[in-house]
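What follows is the content of coords-v3.cif, which has mmCIF, C-alpha atoms:
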data_model
loop_
_atom_site.label_atom_id
_atom_site.label_comp_id
_atom_site.auth_asym_id
_atom_site.auth_seq_id
_atom_site.Cartn_x
_atom_site.Cartn_y
_atom_site.Cartn_z
CA MET A 1 -50.34 18.09 23.35
CA ASN A 2 -49.98 14.43 22.35
CA GLU A 3 -48.22 11.71 24.29
CA VAL A 4 -44.89 12.00 22.53
CA ALA A 5 -44.56 15.75 23.00
CA LEU A 6 -45.57 15.35 26.61
CA PHE A 7 -42.99 12.64 27.08
CA GLU A 8 -40.28 14.77 25.50
CA SER A 9 -41.06 17.65 27.82
CA ALA A 10 -41.10 15.35 30.82
CA LEU A 11 -37.85 13.81 29.69
CA ARG A 12 -36.16 17.20 29.37
CA ALA A 13 -37.30 18.12 32.84
CA ALA A 14 -36.46 14.76 34.37
CA VAL A 15 -32.94 14.30 33.14
CA ARG A 16 -31.68 17.81 33.70
CA THR A 17 -29.56 17.22 36.73
CA ARG A 18 -27.16 19.40 38.58
CA PRO A 19 -23.73 17.81 38.95
CA ASP A 20 -22.16 17.72 42.35
CA PRO A 21 -20.66 21.19 43.10
CA ARG A 22 -17.61 19.52 44.63
CA LEU A 23 -16.99 17.75 41.35
CA ARG A 24 -17.19 21.05 39.54
CA ALA A 25 -14.76 22.71 41.94
CA ALA A 26 -12.25 19.92 41.53
CA LEU A 27 -12.68 19.35 37.82
CA VAL A 28 -12.60 22.85 36.35
CA PRO A 29 -8.97 23.72 37.32
CA ARG A 30 -7.90 20.30 36.09
CA LEU A 31 -9.65 20.87 32.78
CA ALA A 32 -7.93 24.25 32.36
CA ALA A 33 -4.49 22.79 33.07
CA THR A 34 -5.08 19.85 30.73
CA ALA A 35 -6.24 22.10 27.92
CA ARG A 36 -3.23 24.41 28.38
CA ALA A 37 -0.78 21.51 28.23
CA SER A 38 -2.56 19.99 25.26
CA THR A 39 -2.51 23.26 23.32
CA LEU A 40 1.18 23.79 24.04
CA GLU A 41 1.97 20.27 22.88
CA ALA A 42 -0.07 20.76 19.71
CA GLU A 43 1.76 24.03 18.97
CA ARG A 44 5.11 22.34 19.54
CA GLN A 45 4.21 19.52 17.19
CA ALA A 46 3.00 21.95 14.55
CA MET A 47 6.26 23.88 14.84
CA ARG A 48 8.32 20.70 14.49
CA ALA A 49 6.30 19.60 11.48
CA GLY A 50 6.68 23.06 9.95
CA THR A 51 10.47 23.15 10.28
CA ARG A 52 11.17 19.77 8.79
CA GLY A 53 8.16 18.91 6.64
CA ARG A 54 6.95 21.17 3.90
CA PRO A 55 9.89 22.85 2.13
CA ARG A 56 12.07 19.79 2.21
CA SER A 57 9.73 17.43 0.41
CA ARG A 58 9.53 19.32 -2.91
CA LEU A 59 13.18 20.39 -2.88
CA ALA A 60 14.33 16.90 -2.10
CA SER A 61 12.39 15.36 -4.95
CA VAL A 62 13.68 17.97 -7.43
CA ALA A 63 17.24 17.44 -6.21
CA ARG A 64 16.93 13.68 -6.57
CA VAL A 65 15.74 13.99 -10.16
CA GLY A 66 18.53 16.47 -10.95
CA ILE A 67 21.22 14.22 -9.53
CA ALA A 68 19.88 11.25 -11.48
CA VAL A 69 19.89 13.21 -14.74
CA ALA A 70 23.39 14.53 -14.09
CA LEU A 71 24.70 11.03 -13.49
CA ILE A 72 23.55 9.67 -16.87
CA PRO A 73 26.53 11.08 -18.91
CA PHE A 74 28.99 9.78 -16.34
CA VAL A 75 27.42 6.33 -16.48
CA LEU A 76 27.57 6.31 -20.29
CA ALA A 77 31.20 7.45 -20.28
CA GLY A 78 32.05 4.76 -17.78
CA LEU A 79 30.41 2.12 -19.96
CA ALA A 80 32.34 3.37 -22.98
CA PHE A 81 35.65 3.18 -21.09
CA ALA A 82 34.76 -0.36 -20.10
CA GLY A 83 34.43 -1.27 -23.76
CA VAL A 84 30.66 -1.27 -24.12
CA THR A 85 29.28 0.16 -27.36
CA VAL A 86 26.86 2.86 -26.29
CA PRO A 87 23.84 3.73 -28.48
CA GLY A 88 24.30 6.10 -31.39
CA ALA A 89 22.09 8.78 -29.87
CA ALA A 90 24.26 8.94 -26.77
CA ARG A 91 27.41 8.99 -28.87
CA SER A 92 26.11 11.83 -31.00
CA ALA A 93 25.16 13.75 -27.86
CA PHE A 94 28.75 13.45 -26.67
CA ASP A 95 30.04 14.42 -30.12
CA THR A 96 27.98 17.61 -30.13
CA VAL A 97 29.77 18.83 -27.00
CA GLY A 98 33.14 17.82 -28.43
CA ILE A 99 33.76 14.63 -26.45
CA THR A 100 34.75 11.47 -28.31
CA LEU A 101 33.91 8.32 -26.42
CA PRO A 102 36.64 5.68 -26.48
CA ASN A 103 36.16 2.11 -27.71
CA GLN A 104 33.33 3.11 -30.01
CA PRO A 105 32.98 2.27 -33.75
CA ALA A 106 32.91 5.19 -36.20
CA THR A 107 29.38 4.45 -37.43
CA ASP A 108 26.54 2.17 -36.55
CA ASN A 109 27.37 -0.10 -39.52
CA ASP A 110 30.89 -0.43 -38.22
CA ALA A 111 29.49 -1.38 -34.89
CA THR A 112 27.49 -4.13 -36.54
CA THR A 113 30.54 -5.39 -38.43
CA THR A 114 32.60 -5.36 -35.30
CA ARG A 115 30.01 -7.32 -33.43
CA THR A 116 29.74 -9.96 -36.14
CA THR A 117 33.47 -10.46 -36.53
CA THR A 118 34.54 -10.52 -32.95
CA GLU A 119 33.71 -14.21 -32.57
CA PRO A 120 35.26 -16.09 -35.51
CA SER A 121 35.40 -19.88 -35.80
CA SER A 122 38.84 -21.08 -34.93
CA SER A 123 39.13 -23.38 -37.96
CA ASP A 124 38.53 -20.83 -40.69
CA PRO A 125 41.75 -19.06 -41.67
CA VAL A 126 39.75 -16.23 -43.19
CA ASP A 127 37.99 -15.54 -39.97
CA LYS A 128 41.24 -15.89 -38.13
CA GLY A 129 42.77 -13.22 -40.26
CA ALA A 130 39.74 -11.05 -39.81
CA ALA A 131 39.90 -11.56 -36.09
CA GLU A 132 43.49 -10.50 -36.08
CA GLY A 133 42.48 -7.50 -38.07
CA VAL A 134 39.76 -6.68 -35.65
CA LYS A 135 42.13 -7.15 -32.78
CA SER A 136 44.62 -4.78 -34.30
CA GLU A 137 41.74 -2.46 -35.08
CA GLY A 138 40.70 -2.48 -31.44
CA GLU A 139 44.19 -1.71 -30.32
CA ARG A 140 44.44 1.18 -32.69
CA ALA A 141 41.01 2.45 -31.81
CA GLN A 142 42.24 2.87 -28.29
CA LYS A 143 44.85 5.16 -29.70
CA GLY A 144 42.20 7.25 -31.40
CA ASN A 145 42.66 5.95 -35.00
CA SER A 146 39.76 3.56 -35.26
CA ALA A 147 38.68 4.39 -38.83
CA ALA A 148 42.10 3.71 -40.34
CA ALA A 149 42.44 0.57 -38.31
CA HIS A 150 39.09 -0.60 -39.52
CA GLN A 151 40.10 -0.05 -43.12
CA GLN A 152 43.25 -2.01 -42.56
CA ALA A 153 41.28 -4.84 -40.99
CA LEU A 154 38.97 -4.98 -43.99
CA ALA A 155 41.97 -5.07 -46.34
CA GLN A 156 43.49 -7.91 -44.35
CA ARG A 157 40.25 -9.82 -44.48
CA GLN A 158 40.03 -9.43 -48.27
CA LYS A 159 43.61 -10.58 -48.60
CA ALA A 160 42.96 -13.62 -46.44
CA ILE A 161 39.92 -14.55 -48.51
CA LYS A 162 41.96 -14.24 -51.71
CA ASN A 163 44.75 -16.44 -50.35
CA THR A 164 42.29 -19.10 -49.28
CA ARG A 165 40.67 -19.22 -52.73
CA ALA A 166 44.05 -19.54 -54.45
CA LYS A 167 45.03 -22.51 -52.23
CA ASP A 168 41.70 -24.13 -52.90
CA THR A 169 42.18 -23.91 -56.69
CA ARG A 170 45.66 -25.46 -56.53
CA GLY A 171 44.47 -28.41 -54.51
CA ARG A 172 41.66 -29.14 -56.96
CA ALA A 173 44.05 -29.15 -59.91
CA LEU A 174 46.13 -31.91 -58.34
CA GLY A 175 43.04 -34.00 -57.71
CA LEU A 176 43.50 -33.92 -53.99
CA THR A 177 41.11 -31.33 -52.96
CA GLY A 178 37.74 -32.71 -52.19
CA SER A 179 38.83 -36.37 -52.61
CA THR A 180 38.33 -38.85 -49.87
CA PRO A 181 41.14 -41.22 -48.88
CA PRO A 182 40.60 -44.77 -50.25
CA GLY A 183 40.40 -46.38 -46.85
CA GLN A 184 37.47 -44.28 -45.84
CA ARG A 185 35.07 -45.27 -48.67
CA GLY A 186 34.50 -48.91 -47.73
CA GLN A 187 36.99 -50.29 -50.29
CA THR A 188 39.30 -52.56 -48.36
CA GLY A 189 41.13 -54.24 -51.23
CA PRO A 190 43.21 -52.94 -54.08
CA PRO A 191 41.49 -51.44 -57.12
CA SER A 192 39.95 -53.84 -59.68
CA HIS A 193 42.47 -53.03 -62.38
CA SER A 194 45.35 -53.92 -60.10
CA ASN A 195 47.07 -57.33 -60.04
CA ALA A 196 48.07 -57.19 -56.49
CA GLY A 197 46.84 -60.21 -54.45
CA GLY A 198 45.67 -62.44 -57.40
CA SER A 199 42.34 -62.48 -59.20
CA SER A 200 39.85 -60.57 -57.27
CA THR A 201 36.94 -61.88 -59.37
CA ARG A 202 37.55 -65.55 -58.53
CA ALA A 203 38.19 -64.85 -54.99
CA THR A 204 34.88 -63.10 -54.55
CA LEU A 205 32.53 -65.28 -56.78
CA THR A 206 33.60 -68.93 -56.07
CA PRO A 207 31.75 -70.42 -53.05
CA PRO A 208 33.82 -72.39 -50.55
CA PRO A 209 34.00 -76.21 -51.16
CA PRO A 210 31.49 -78.34 -49.17
CA PRO A 211 32.85 -80.62 -46.43
CA PRO A 212 33.68 -84.23 -47.53
CA PRO A 213 30.89 -86.86 -46.93
CA PRO A 214 31.43 -89.67 -44.35
CA ASP A 215 32.69 -93.00 -45.65
CA ASN A 216 30.21 -95.45 -43.86
CA PRO A 217 27.16 -93.71 -42.54
CA GLY A 218 25.57 -96.92 -41.07
CA ASN A 219 28.60 -97.99 -39.04
CA GLY A 220 29.13 -94.85 -37.24
CA GLN A 221 28.42 -95.39 -33.59
CA GLY A 222 25.71 -98.02 -33.75
CA HIS A 223 22.94 -95.71 -32.76
CA SER A 224 21.09 -95.58 -36.08
CA LYS A 225 19.01 -98.58 -35.32
CA MET B 1 -24.48 32.66 22.39
CA SER B 2 -23.22 34.56 19.35
CA PRO B 3 -20.64 32.85 17.11
CA GLU B 4 -18.00 35.48 17.98
CA ARG B 5 -18.63 35.01 21.67
CA PHE B 6 -18.35 31.26 21.32
CA THR B 7 -15.13 31.55 19.30
CA SER B 8 -13.49 33.74 21.94
CA LEU B 9 -14.74 31.40 24.69
CA LEU B 10 -13.25 28.42 22.86
CA GLU B 11 -9.93 30.18 22.36
CA ALA B 12 -9.80 31.10 26.04
CA ALA B 13 -10.54 27.50 26.99
CA ARG B 14 -7.72 26.33 24.70
CA GLN B 15 -5.32 28.69 26.45
CA GLY B 16 -6.37 27.25 29.81
CA SER B 17 -8.71 29.91 31.19
CA GLU B 18 -10.58 28.58 34.21
CA ALA B 19 -13.43 31.05 33.70
CA ALA B 20 -13.95 29.75 30.17
CA TRP B 21 -13.98 26.18 31.38
CA GLN B 22 -16.47 27.03 34.09
CA GLU B 23 -18.81 28.48 31.49
CA LEU B 24 -18.45 25.49 29.18
CA TYR B 25 -18.93 23.09 32.07
CA ASP B 26 -21.99 24.86 33.41
CA GLY B 27 -23.60 24.91 29.99
CA LEU B 28 -23.00 21.28 29.06
CA ALA B 29 -22.44 19.23 32.21
CA PRO B 30 -26.13 19.02 33.29
CA VAL B 31 -27.38 17.70 29.94
CA VAL B 32 -24.45 15.35 29.52
CA LEU B 33 -24.98 14.01 33.01
CA GLY B 34 -28.70 13.64 32.27
CA TYR B 35 -27.88 11.72 29.09
CA LEU B 36 -25.54 9.43 31.01
CA ARG B 37 -28.01 8.83 33.80
CA ALA B 38 -30.92 8.22 31.46
CA ASN B 39 -28.76 5.69 29.65
CA ARG B 40 -28.05 4.03 32.97
CA ALA B 41 -24.34 4.69 32.89
CA PRO B 42 -22.49 3.07 35.77
CA ASP B 43 -21.18 5.86 38.04
CA PRO B 44 -22.40 8.70 35.77
CA GLU B 45 -20.48 11.51 37.51
CA ASP B 46 -17.25 9.59 37.05
CA VAL B 47 -18.04 9.14 33.36
CA LEU B 48 -18.88 12.86 33.19
CA SER B 49 -15.40 13.71 34.52
CA GLU B 50 -13.82 11.45 31.91
CA VAL B 51 -15.86 13.09 29.17
CA PHE B 52 -14.74 16.59 30.10
CA LEU B 53 -11.13 15.54 30.55
CA GLN B 54 -11.10 14.15 27.04
CA VAL B 55 -12.71 17.35 25.78
CA ALA B 56 -9.90 19.31 27.45
CA ARG B 57 -7.23 17.03 25.96
CA ASP B 58 -8.60 17.28 22.41
CA ILE B 59 -9.92 20.83 22.37
CA SER B 60 -6.81 22.06 20.54
CA ARG B 61 -7.84 19.90 17.58
CA PHE B 62 -11.51 20.93 17.54
CA GLU B 63 -12.66 23.31 14.83
CA GLY B 64 -16.26 24.43 14.45
CA GLU B 65 -19.11 26.43 15.86
CA GLU B 66 -21.21 25.99 19.01
CA ARG B 67 -23.56 23.40 17.54
CA GLY B 68 -20.63 21.33 16.31
CA PHE B 69 -19.01 21.59 19.73
CA ARG B 70 -22.14 20.32 21.41
CA SER B 71 -22.37 17.42 19.00
CA TRP B 72 -18.68 16.66 19.53
CA VAL B 73 -19.10 16.58 23.32
CA PHE B 74 -22.07 14.22 23.05
CA THR B 75 -20.11 11.97 20.70
CA ILE B 76 -17.38 11.72 23.32
CA ALA B 77 -20.00 11.11 26.01
CA HIS B 78 -21.52 8.25 24.02
CA HIS B 79 -18.12 6.62 23.52
CA ARG B 80 -17.24 6.97 27.18
CA LEU B 81 -20.64 5.52 28.08
CA ILE B 82 -19.92 2.43 25.97
CA ASP B 83 -16.47 2.12 27.59
CA ALA B 84 -18.00 2.41 31.05
CA ARG B 85 -20.58 -0.26 30.25
CA ARG B 86 -17.88 -2.61 29.00
CA HIS B 87 -15.81 -1.96 32.07
CA SER B 88 -18.74 -2.49 34.43
CA ALA B 89 -19.67 -5.73 32.68
CA ARG B 90 -16.59 -7.22 34.29
CA ARG B 91 -17.66 -5.98 37.73
CA PRO B 92 -20.76 -6.59 39.90
CA ILE B 93 -23.57 -4.28 38.78
CA ASP B 94 -25.31 -1.91 41.16
CA LEU B 95 -28.94 -2.20 40.13
CA SER B 96 -30.20 0.82 42.04
CA PRO B 97 -29.91 3.74 39.63
CA GLU B 98 -29.82 7.18 41.08
CA PRO B 99 -33.07 8.94 40.27
CA PRO B 100 -32.65 12.09 38.23
CA GLU B 101 -33.29 15.34 39.98
CA PRO B 102 -35.76 17.74 38.50
CA ALA B 103 -34.08 20.66 36.84
CA ALA B 104 -33.96 23.93 38.66
CA ARG B 105 -34.94 25.94 35.63
CA ALA B 106 -37.25 23.75 33.62
CA ASP B 107 -39.75 25.65 31.52
CA ASP B 108 -43.47 25.64 32.19
CA ALA B 109 -44.35 23.04 29.58
CA ALA B 110 -41.74 20.65 30.93
CA GLU B 111 -42.87 21.19 34.50
CA GLU B 112 -46.43 20.57 33.48
CA ALA B 113 -45.49 17.41 31.59
CA LEU B 114 -43.39 16.18 34.47
CA ALA B 115 -46.25 16.79 36.86
CA ARG B 116 -48.52 14.64 34.68
CA ILE B 117 -46.10 11.84 33.86
CA GLY B 118 -43.57 11.85 36.66
CA VAL B 119 -39.92 10.96 36.85
CA GLY B 120 -40.59 7.32 37.59
CA GLU B 121 -42.83 7.01 34.60
CA VAL B 122 -40.14 8.57 32.36
CA GLN B 123 -37.60 6.08 33.64
CA ARG B 124 -39.98 3.19 33.17
CA VAL B 125 -40.74 4.12 29.56
CA LEU B 126 -37.06 4.63 28.81
CA GLY B 127 -36.39 1.18 30.21
CA THR B 128 -38.71 -0.40 27.66
CA LEU B 129 -36.71 0.95 24.72
CA SER B 130 -33.77 -0.77 23.13
CA GLU B 131 -30.32 0.74 23.76
CA ASP B 132 -30.13 2.25 20.28
CA GLN B 133 -33.65 3.67 20.44
CA ARG B 134 -32.96 5.19 23.84
CA ALA B 135 -29.66 6.70 22.70
CA VAL B 136 -31.29 8.22 19.63
CA LEU B 137 -34.20 9.70 21.57
CA LEU B 138 -31.97 11.07 24.32
CA LEU B 139 -29.51 12.63 21.89
CA ARG B 140 -32.37 14.16 19.90
CA VAL B 141 -34.33 15.43 22.92
CA ILE B 142 -31.71 16.16 25.56
CA GLY B 143 -28.67 16.78 23.39
CA ASP B 144 -30.77 18.73 20.88
CA LEU B 145 -28.76 17.20 18.04
CA SER B 146 -29.83 16.88 14.42
CA ILE B 147 -30.33 13.52 12.73
CA GLU B 148 -26.92 13.87 11.05
CA ASP B 149 -25.18 14.71 14.32
CA VAL B 150 -26.82 11.77 16.07
CA ALA B 151 -25.79 9.49 13.21
CA LYS B 152 -22.20 10.73 13.54
CA ALA B 153 -22.20 10.27 17.29
CA LEU B 154 -23.57 6.74 17.11
CA GLY B 155 -21.63 5.69 14.04
CA LYS B 156 -24.80 4.95 12.04
CA ARG B 157 -26.37 6.17 8.84
CA PRO B 158 -29.00 8.94 9.04
CA GLY B 159 -31.62 6.59 7.60
CA ALA B 160 -30.97 4.10 10.39
CA VAL B 161 -31.24 6.89 12.98
CA LYS B 162 -34.57 8.00 11.54
CA ALA B 163 -35.89 4.44 11.72
CA LEU B 164 -34.71 4.06 15.32
CA GLN B 165 -36.36 7.33 16.28
CA ARG B 166 -39.64 6.33 14.62
CA ARG B 167 -39.71 2.96 16.37
CA GLY B 168 -38.68 4.52 19.70
CA LEU B 169 -41.45 7.11 19.59
CA ALA B 170 -43.96 4.43 18.63
CA ALA B 171 -42.87 2.41 21.66
CA VAL B 172 -43.22 5.49 23.90
CA ARG B 173 -46.70 6.16 22.54
CA ARG B 174 -47.68 2.56 23.11
CA GLU B 175 -46.33 2.54 26.68
CA LEU B 176 -48.01 5.79 27.63
CA GLY B 177 -51.27 4.63 26.00
CA GLN B 178 -51.20 1.44 28.06
CA GLU B 179 -50.73 3.46 31.20
CA GLY B 180 -53.64 5.63 30.25
CA VAL B 181 -51.85 8.95 30.02
CA THR B 182 -54.28 11.08 28.13
CA LEU B 183 -54.33 14.76 27.67
#
Write out the structure in this file as structure tokens.
Amino acid sequence: MNEVALFESALRAAVRTRPDPRLRAALVPRLAATARASTLEAERQAMRAGTRGRPRSRLASVARVGIAVALIPFVLAGLAFAGVTVPGAARSAFDTVGITLPNQPATDNDATTTRTTTEPSSSDPVDKGAAEGVKSEGERAQKGNSAAAHQQALAQRQKAIKNTRAKDTRGRALGLTGSTPPGQRGQTGPPSHSNAGGSSTRATLTPPPPPPPPDNPGNGQGHSK
Amino acid sequence: MSPERFTSLLEAARQGSEAAWQELYDGLAPVVLGYLRANRAPDPEDVLSEVFLQVARDISRFEGEERGFRSWVFTIAHHRLIDARRHSARRPIDLSPEPPEPAARADDAAEEALARIGVGEVQRVLGTLSEDQRAVLLLRVIGDLSIEDVAKALGKRPGAVKALQRRGLAAVRRELGQEGVTL
């Protein structure tokens, strides 16, 4: 037997001690009562966790997803009522179940046209007419006749363009259209062929006469010397 | 003790059977107390009571066999020992440790070894070890725990526990060689 094994044996023998019997008598009932209370508490907690924990978590998540999906059509319908153009896919989904969303163009091209013509420049009469057409189209679309209204708006726009071109041609024939008023070109006087105001050539080419020379330069003030 | 016997004993202890607690206490209290005393725990019987009270509080959460239960109890004992040391660091220290009593039913080899070395010599050699070396040797020898269980109880890696054990045994050999213990 070497030293280490001997030491281990001696250690086992040396440290094995008998606890105080009074401690044992006092401690064992306390241990039993503590363990009983602890087990009861653990069972109670497990029961509470079982009643509210497991089934609810999966059901709740599925219910949340279902509610969110069910709300999507209502949100889209609400946007359409508010005048927002919803995407074509959503519109076609509504069309398949027989629901026509209000305030929507008939096709995607119409939607593009509507978007481009809703903000005309106030100075262009063509755009004004188109805007009026679009306005009337919008009003009629609310009544459920958007295609016909759109056609009418297009016809009005064509008519307005035609009228504008005709006015433009008449003005050019009279020599007024595109001409600039005389006072805005830098010409302040009358035209060269006109006689109004005398000869314009002399007036512009002759330099002004020099001032007359002094009569006696040496007798001025007496300061020349 | 057979695994079935231990399982029924554990279940009875969970339900609050005093007989079951007496059996558990009688089986583990002497070695736990020896571990605490050898580690110079301040007021070891008080620490022993705290250890068993925590075992009773947490026994509803314990799952495992007898070896795991033993390792679990020693883990609690080690933590309570550290707490007791911290607590006693703020108080005046009683430097007269109670000498361990020889066990009533030590086997022949242990009795023979104890007769050759002596309790005082055991205490002296233990006092030369570092705290970690002493804890490792005591848990391995007295607690009869594996390297992995000791590592778990001390919160160290198994490699570190092996190194501590090797250095601790080398120190023991050196100390006993200096004292001229030869067999």
Kindly provide the residues of chain A that approach chain B to within 7 Å, each paired with its closest atom pair and their distance in Å to one decimal, based on only C-alpha atoms, listed by chain and increasing number, as CSV.
residue,atom,partner,partner_atom,distance
A:Met1,CA,B:Leu183,CA,6.8
A:Asn2,CA,B:Leu183,CA,6.9
A:Glu3,CA,B:Arg173,CA,6.0
A:Val4,CA,B:Arg173,CA,6.1
A:Leu6,CA,B:Ala113,CA,5.4
A:Glu8,CA,B:Val141,CA,6.5
A:Ser9,CA,B:Ala110,CA,4.4
A:Ala10,CA,B:Leu114,CA,4.4
A:Leu11,CA,B:Val122,CA,6.3
A:Arg12,CA,B:Ile142,CA,5.9
A:Ala13,CA,B:Ala110,CA,5.5
A:Ala14,CA,B:Pro102,CA,5.1
A:Val15,CA,B:Gly34,CA,4.4
A:Arg16,CA,B:Ala103,CA,4.9
A:Thr17,CA,B:Pro30,CA,5.2
A:Arg18,CA,B:Pro30,CA,5.4
A:Pro19,CA,B:Pro30,CA,6.3
A:Val28,CA,B:Gln22,CA,6.1
A:Pro29,CA,B:Glu18,CA,6.0
A:Leu31,CA,B:Ala56,CA,5.6
A:Ala32,CA,B:Gly16,CA,4.2
A:Ala33,CA,B:Gly16,CA,5.8
A:Thr34,CA,B:Ala56,CA,5.9
A:Ala35,CA,B:Ala56,CA,4.6
A:Arg36,CA,B:Gly16,CA,4.5
A:Ser38,CA,B:Arg57,CA,5.6
A:Thr39,CA,B:Ser60,CA,5.3
A:Ala42,CA,B:Ser60,CA,6.9
> Rounded to one decimal in Å, what is the spacing between atom CA of Asn103 of chain A and atom CA of Ser146 of chain A?
Replying inline: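 So the two atoms, atom CA of Asn103 of chain A and atom CA of Ser146 of chain A, lie 8.5 Å apart.
For the atom pair formed by atom CA of Leu59 of chain A and atom CA of Leu71 of chain A, the distance is 18.2 Å, given to one decimal.
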Neighbouring residues of segment 160-168 of chain B were defined as those with any atom within 9 Å, considering all atoms listed in the file; residues of the same chain fewer than 4 positions away were excluded. Please report them as a PDB file with C-alpha atoms, in the frame of the given file.
ATOM      1  CA  LEU B 129     -36.710   0.950  24.720  1.00  0.00           C
ATOM      2  CA  SER B 130     -33.770  -0.770  23.130  1.00  0.00           C
ATOM      3  CA  ASP B 132     -30.130   2.250  20.280  1.00  0.00           C
ATOM      4  CA  GLN B 133     -33.650   3.670  20.440  1.00  0.00           C
ATOM      5  CA  ARG B 134     -32.960   5.190  23.840  1.00  0.00           C
ATOM      6  CA  VAL B 136     -31.290   8.220  19.630  1.00  0.00           C
ATOM      7  CA  LEU B 137     -34.200   9.700  21.570  1.00  0.00           C
ATOM      8  CA  ARG B 140     -32.370  14.160  19.900  1.00  0.00           C
ATOM      9  CA  ILE B 147     -30.330  13.520  12.730  1.00  0.00           C
ATOM     10  CA  GLU B 148     -26.920  13.870  11.050  1.00  0.00           C
ATOM     11  CA  VAL B 150     -26.820  11.770  16.070  1.00  0.00           C
ATOM     12  CA  ALA B 151     -25.790   9.490  13.210  1.00  0.00           C
ATOM     13  CA  LEU B 154     -23.570   6.740  17.110  1.00  0.00           C
ATOM     14  CA  LYS B 156     -24.800   4.950  12.040  1.00  0.00           C
ATOM     15  CA  VAL B 172     -43.220   5.490  23.900  1.00  0.00           C
ATOM     16  CA  ARG B 173     -46.700   6.160  22.540  1.00  0.00           C
TER      17      ARG B 173
END
>> What does the structure give for the distance between atom CA of Arg24 of chain A and atom CA of Trp72 of chain B, in Å to one decimal?
In response: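 Interatomic distance, atom CA of Arg24 of chain A to atom CA of Trp72 of chain B: 20.5 Å.
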>> Could you check the closest approach to Ala41 of chain B for each of B:Ser88, B:Gly68, B:Ser2, B:Pro158 and tell me which residue wins, using only C-alpha atoms?
In response: B:Ser88
>> Please list, as number ranges by chain, the residues that have an atom at most 9 Å away from (33.6, 9.7, -25.2) in the coordinates of this file, counting all atoms listed in the file.
In response: A: 76-77, 80-81, 91, 94-95, 98-104
Quick one: write out the picked residues with C-alpha atoms as a compact mmCIF listing (two decimals), keeping the file's coordinate frame?
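The file below, result04.txt, is the result:
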# COMPACT_ATOMS: atom_id res chain seq x y z
CA LEU A 76 27.57 6.31 -20.29
CA ALA A 77 31.20 7.45 -20.28
CA ALA A 80 32.34 3.37 -22.98
CA PHE A 81 35.65 3.18 -21.09
CA ARG A 91 27.41 8.99 -28.87
CA PHE A 94 28.75 13.45 -26.67
CA ASP A 95 30.04 14.42 -30.12
CA GLY A 98 33.14 17.82 -28.43
CA ILE A 99 33.76 14.63 -26.45
CA THR A 100 34.75 11.47 -28.31
CA LEU A 101 33.91 8.32 -26.42
CA PRO A 102 36.64 5.68 -26.48
CA ASN A 103 36.16 2.11 -27.71
CA GLN A 104 33.33 3.11 -30.01
> Residues around (-27.5, 23.3, 22.0), cut-off 10 Å, counting only C-alpha atoms - what are they as number ranges by chain?
Replying inline: B: 1, 27-28, 31, 66-71, 142-145
